[in-house]
Amino acid sequence: IILEKINQEFNNKPLVIRSSATCEDSPLLSFAGQYSSFLNVIGEENIIKAIKLCYQSLFSDNAKIYSKINGIRLEYESMAIAVQELAPVTVAGVIFTADPVNQDDKKMIVEYTKGLGDSIVSGHKKPILKEIEKTKINNLKNVFLKELFKIALDLEKVFGNPQDIEWGCDGREIYIFQSRNITTLDKHPKTINYTFNKNKIIGMGIVACKGISSGFLKIINNIKDYDKIKKDDVVLVRCKTDISLIKKIPLINALIINGGILSHMAVIAREFNVPCLVEPEIVNGKIERYANKKIVIDATKGKILLT
């Protein structure tokens with residue numbers, strides 16, 4: 001019956017199979033990246049497989065850990081599946097109608113890249129970043145960005161709160177795929193006392209979650225290295241970030257990752273109030289020399305320093 005309905009509605013077009021759990025996208029918790037969704041799904045066998053995987057992700061290890069930490073009992077939650085036609089977008093991204101790093105609701109931030117938006121939310125691609133004060137939107141010369149920011153403001157008015165919006169554009173139309181409340185506008189940065197010394201700077205990055213912390217540097221070159229992460233480590237992920245890192249987030253003192261400040265992992269870092277930098281640049285380009293040494297992450301200045 002499900003396949004019949006899908007075939008009648010979409011006539012073999014490429015689809016998006018999207019999870020929609022009752023506990024995600026709440027005013028307090030995003031569950032960002034914790035549940036499975038699939039893009040460009042073609043064929044009955046693949047459709048059924050994607051639907052099953054979406055449903056099963058409600059009880060994935062990552063979702064269980066995230067839920068336990070946040071006091072949510074998954075046995076009382078349920079999973080719906082959204083089936084959508086794949087929009088033929090050439091550009092896609094994420095827009096926040098408030099600055100989640102500086103907790104500034106007078107600013108808006110957008111990150112985007114060519115192609116589908118999964119590379120943005122996964123943190124697997126460095127996005128283009130633009131920010132603007134809401135009062136200056138009408139001054140924009142870029143017609144596309146002006147229209148995008150106006151749509152985002154309309155959504156903020158509809159939902160009554162600053163929004164985290166996934167979108168795409170095919171060169172003519174802007175598509176809105178998802179809009180949910182930003183969950184991290186009331187956090188107080190974690191800090192430690194230290195003496196800033198510019199001569200001890202070993203790297204820098206873009207601030208994704210404000211705070212200052214220290215710990216032993218653990219370099220992650222592949223997903224298997226996640227098992228080596230210990231309590232109070234500062235973790236630098238050099239490989240593609242996998243959402244299974246969630247199980248280690250409550251243990252660590254700071255996080256350094258690739259991608260943008262609006263990626264799922266950056267959102268999770270802010271929810272757990274873990275100081276976070278993205279797109280790190282290391283002095284002399286060789287981070288290995290600092291492995292297992294104690295360092296300071298100053299995610300107020302965007303600096304990485306030796307102690």
# chains A, B, ... in the order shown; residues from 1 in each chain; ligands from 1
$ select_by_dssp --residues "segment 118-158 of chain A" --states "strand (DSSP E or B)" --output "PyMOL selection string"
chain A and resi 128-133
$ residues_around --residues "Gly171 of chain A" --least-positions-apart "6" --cutoff "8 Å" --atoms "only C-alpha atoms" --output "mmCIF file with C-alpha atoms, in the first residue's frame"
data_model
loop_
_atom_site.group_PDB
_atom_site.id
_atom_site.type_symbol
_atom_site.label_atom_id
_atom_site.label_comp_id
_atom_site.auth_asym_id
_atom_site.auth_seq_id
_atom_site.Cartn_x
_atom_site.Cartn_y
_atom_site.Cartn_z
ATOM 1 C CA VAL A 89 18.731 22.154 -6.525
ATOM 2 C CA THR A 90 22.111 23.433 -7.637
ATOM 3 C CA VAL A 91 22.851 25.287 -4.398
#
$ closest_residue --among "A:Leu245, A:Cys276, A:Ile287, A:Leu3" --to "Asp61 of chain A" --atoms "only C-alpha atoms"
A:Leu245
$ select_by_dssp --residues "segment 3-146 of chain A" --states "helix (DSSP H, G or I)" --output "PyMOL selection string"
chain A and resi 3-10+44-59+61-69+74-76+118-121+134-139+143-146
$ write_last_selection --atoms "C-alpha atoms" --output "compact mmCIF listing (two decimals), in the first residue's frame"
# COMPACT_ATOMS: atom_id res chain seq x y z
CA LEU A 3 4.56 1.81 -2.45
CA GLU A 4 1.31 2.25 -4.36
CA LYS A 5 0.73 5.64 -2.73
CA ILE A 6 4.31 6.72 -3.39
CA ASN A 7 4.19 5.62 -7.03
CA GLN A 8 0.88 7.41 -7.58
CA GLU A 9 2.19 10.61 -6.05
CA PHE A 10 5.73 10.73 -7.45
CA GLU A 44 11.00 0.42 -4.92
CA GLU A 45 13.62 -1.72 -3.18
CA ASN A 46 15.66 1.32 -2.19
CA ILE A 47 12.55 3.20 -1.03
CA ILE A 48 11.52 0.39 1.33
CA LYS A 49 15.09 0.03 2.59
CA ALA A 50 15.36 3.77 3.30
CA ILE A 51 12.01 3.82 5.13
CA LYS A 52 13.07 0.90 7.33
CA LEU A 53 16.43 2.51 8.12
CA CYS A 54 14.74 5.80 9.01
CA TYR A 55 12.42 4.00 11.40
CA GLN A 56 15.20 1.92 12.94
CA SER A 57 17.30 5.03 13.58
CA LEU A 58 14.86 6.02 16.35
CA PHE A 59 16.61 3.41 18.48
CA ASP A 61 23.05 3.86 19.64
CA ASN A 62 23.62 7.56 18.99
CA ALA A 63 19.97 8.44 19.57
CA LYS A 64 19.92 6.37 22.76
CA ILE A 65 22.98 8.16 24.15
CA TYR A 66 21.72 11.62 23.19
CA SER A 67 18.32 10.83 24.70
CA LYS A 68 19.73 9.42 27.93
CA ILE A 69 21.95 12.46 28.47
CA LEU A 74 12.68 6.77 23.70
CA GLU A 75 10.09 4.13 24.52
CA TYR A 76 7.56 6.97 24.73
CA ASP A 118 23.89 17.09 3.09
CA SER A 119 27.56 18.09 2.85
CA ILE A 120 26.79 21.24 4.87
CA VAL A 121 24.95 19.61 7.77
CA LYS A 134 18.39 42.05 10.03
CA THR A 135 17.89 45.79 9.62
CA LYS A 136 20.21 45.82 6.59
CA ILE A 137 18.59 43.06 4.49
CA ASN A 138 16.92 45.54 2.14
CA ASN A 139 20.33 47.07 1.40
CA VAL A 143 18.92 39.54 -5.10
CA PHE A 144 19.13 35.84 -4.22
CA LEU A 145 20.46 36.40 -0.70
CA LYS A 146 17.96 39.20 -0.10
$ residues_around --residues "Gly168 of chain A" --least-positions-apart "5" --cutoff "7 Å" --atoms "only C-alpha atoms" --output "list in words"
Val89, Val91, Ala92, Gly93, Ile174, Tyr175 and Ile176 of chain A
$ write_last_selection --atoms "N, CA and C atoms" --output "PDB file, in the first residue's frame"
ATOM      1  N   VAL A  89      17.981  20.971  -6.947  1.00  0.00           N
ATOM      2  CA  VAL A  89      18.731  22.154  -6.525  1.00  0.00           C
ATOM      3  C   VAL A  89      20.167  22.116  -7.028  1.00  0.00           C
ATOM      4  N   VAL A  91      22.225  24.681  -5.579  1.00  0.00           N
ATOM      5  CA  VAL A  91      22.851  25.287  -4.398  1.00  0.00           C
ATOM      6  C   VAL A  91      21.981  24.954  -3.196  1.00  0.00           C
ATOM      7  N   ALA A  92      22.602  24.649  -2.065  1.00  0.00           N
ATOM      8  CA  ALA A  92      21.821  24.331  -0.860  1.00  0.00           C
ATOM      9  C   ALA A  92      22.609  24.730   0.375  1.00  0.00           C
ATOM     10  N   GLY A  93      21.876  24.902   1.475  1.00  0.00           N
ATOM     11  CA  GLY A  93      22.568  25.288   2.692  1.00  0.00           C
ATOM     12  C   GLY A  93      21.655  25.376   3.893  1.00  0.00           C
ATOM     13  N   ILE A 174      13.423  29.027  -4.558  1.00  0.00           N
ATOM     14  CA  ILE A 174      14.027  28.628  -3.290  1.00  0.00           C
ATOM     15  C   ILE A 174      13.096  27.626  -2.616  1.00  0.00           C
ATOM     16  N   TYR A 175      13.651  26.486  -2.224  1.00  0.00           N
ATOM     17  CA  TYR A 175      12.876  25.437  -1.559  1.00  0.00           C
ATOM     18  C   TYR A 175      13.251  25.407  -0.073  1.00  0.00           C
ATOM     19  N   ILE A 176      12.260  25.323   0.787  1.00  0.00           N
ATOM     20  CA  ILE A 176      12.495  25.165   2.215  1.00  0.00           C
ATOM     21  C   ILE A 176      12.227  23.711   2.586  1.00  0.00           C
TER      22      ILE A 176
END
$ residues_around --residues "segment 261-272 of chain A" --least-positions-apart "2" --cutoff "8 Å" --atoms "only C-alpha atoms" --output "PyMOL selection string"
chain A and resi 29+32-33+94-96+111+120-123+183-184+187+206-209+241+243+246+249-250+255+259+274-276+278
$ atom_distance --atom1 "atom CA of Arg172 of chain A" --atom2 "atom CA of Glu131 of chain A"
22.3 Å
$ atom_distance --atom1 "atom CA of His124 of chain A" --atom2 "atom CA of Cys169 of chain A"
19.8 Å
$ closest_residue --among "A:Ser179, A:Asn40, A:Ser20, A:Asn142" --to "Pro88 of chain A" --atoms "only C-alpha atoms"
A:Asn40
$ closest_residue --among "A:Thr97, A:Ser214, A:Ser19, A:Thr191" --to "Asn161 of chain A" --atoms "only C-alpha atoms"
A:Thr97
$ atom_distance --atom1 "atom CA of Leu39 of chain A" --atom2 "atom CA of Lys247 of chain A"
25.4 Å
$ residues_around --residues "Lys293 of chain A" --least-positions-apart "3" --cutoff "7 Å" --atoms "only C-alpha atoms" --output "mmCIF file with C-alpha atoms, in the first residue's frame"
data_model
loop_
_atom_site.group_PDB
_atom_site.id
_atom_site.type_symbol
_atom_site.label_atom_id
_atom_site.label_comp_id
_atom_site.auth_asym_id
_atom_site.auth_seq_id
_atom_site.Cartn_x
_atom_site.Cartn_y
_atom_site.Cartn_z
ATOM 1 C CA PHE A 216 45.444 16.691 26.159
ATOM 2 C CA LEU A 217 45.199 16.858 22.371
ATOM 3 C CA TYR A 290 51.391 18.347 19.474
#
$ closest_residue --among "A:Tyr226, A:Tyr112, A:Phe159, A:Phe196" --to "Ile182 of chain A" --atoms "only C-alpha atoms"
A:Phe159
$ closest_residue --among "A:Leu153, A:Arg18, A:Val110, A:Lys303" --to "Gln178 of chain A" --atoms "only C-alpha atoms"
A:Arg18
$ closest_residue --among "A:Lys231, A:Gly117, A:Ile252, A:Val16" --to "Phe38 of chain A" --atoms "only C-alpha atoms"
A:Val16
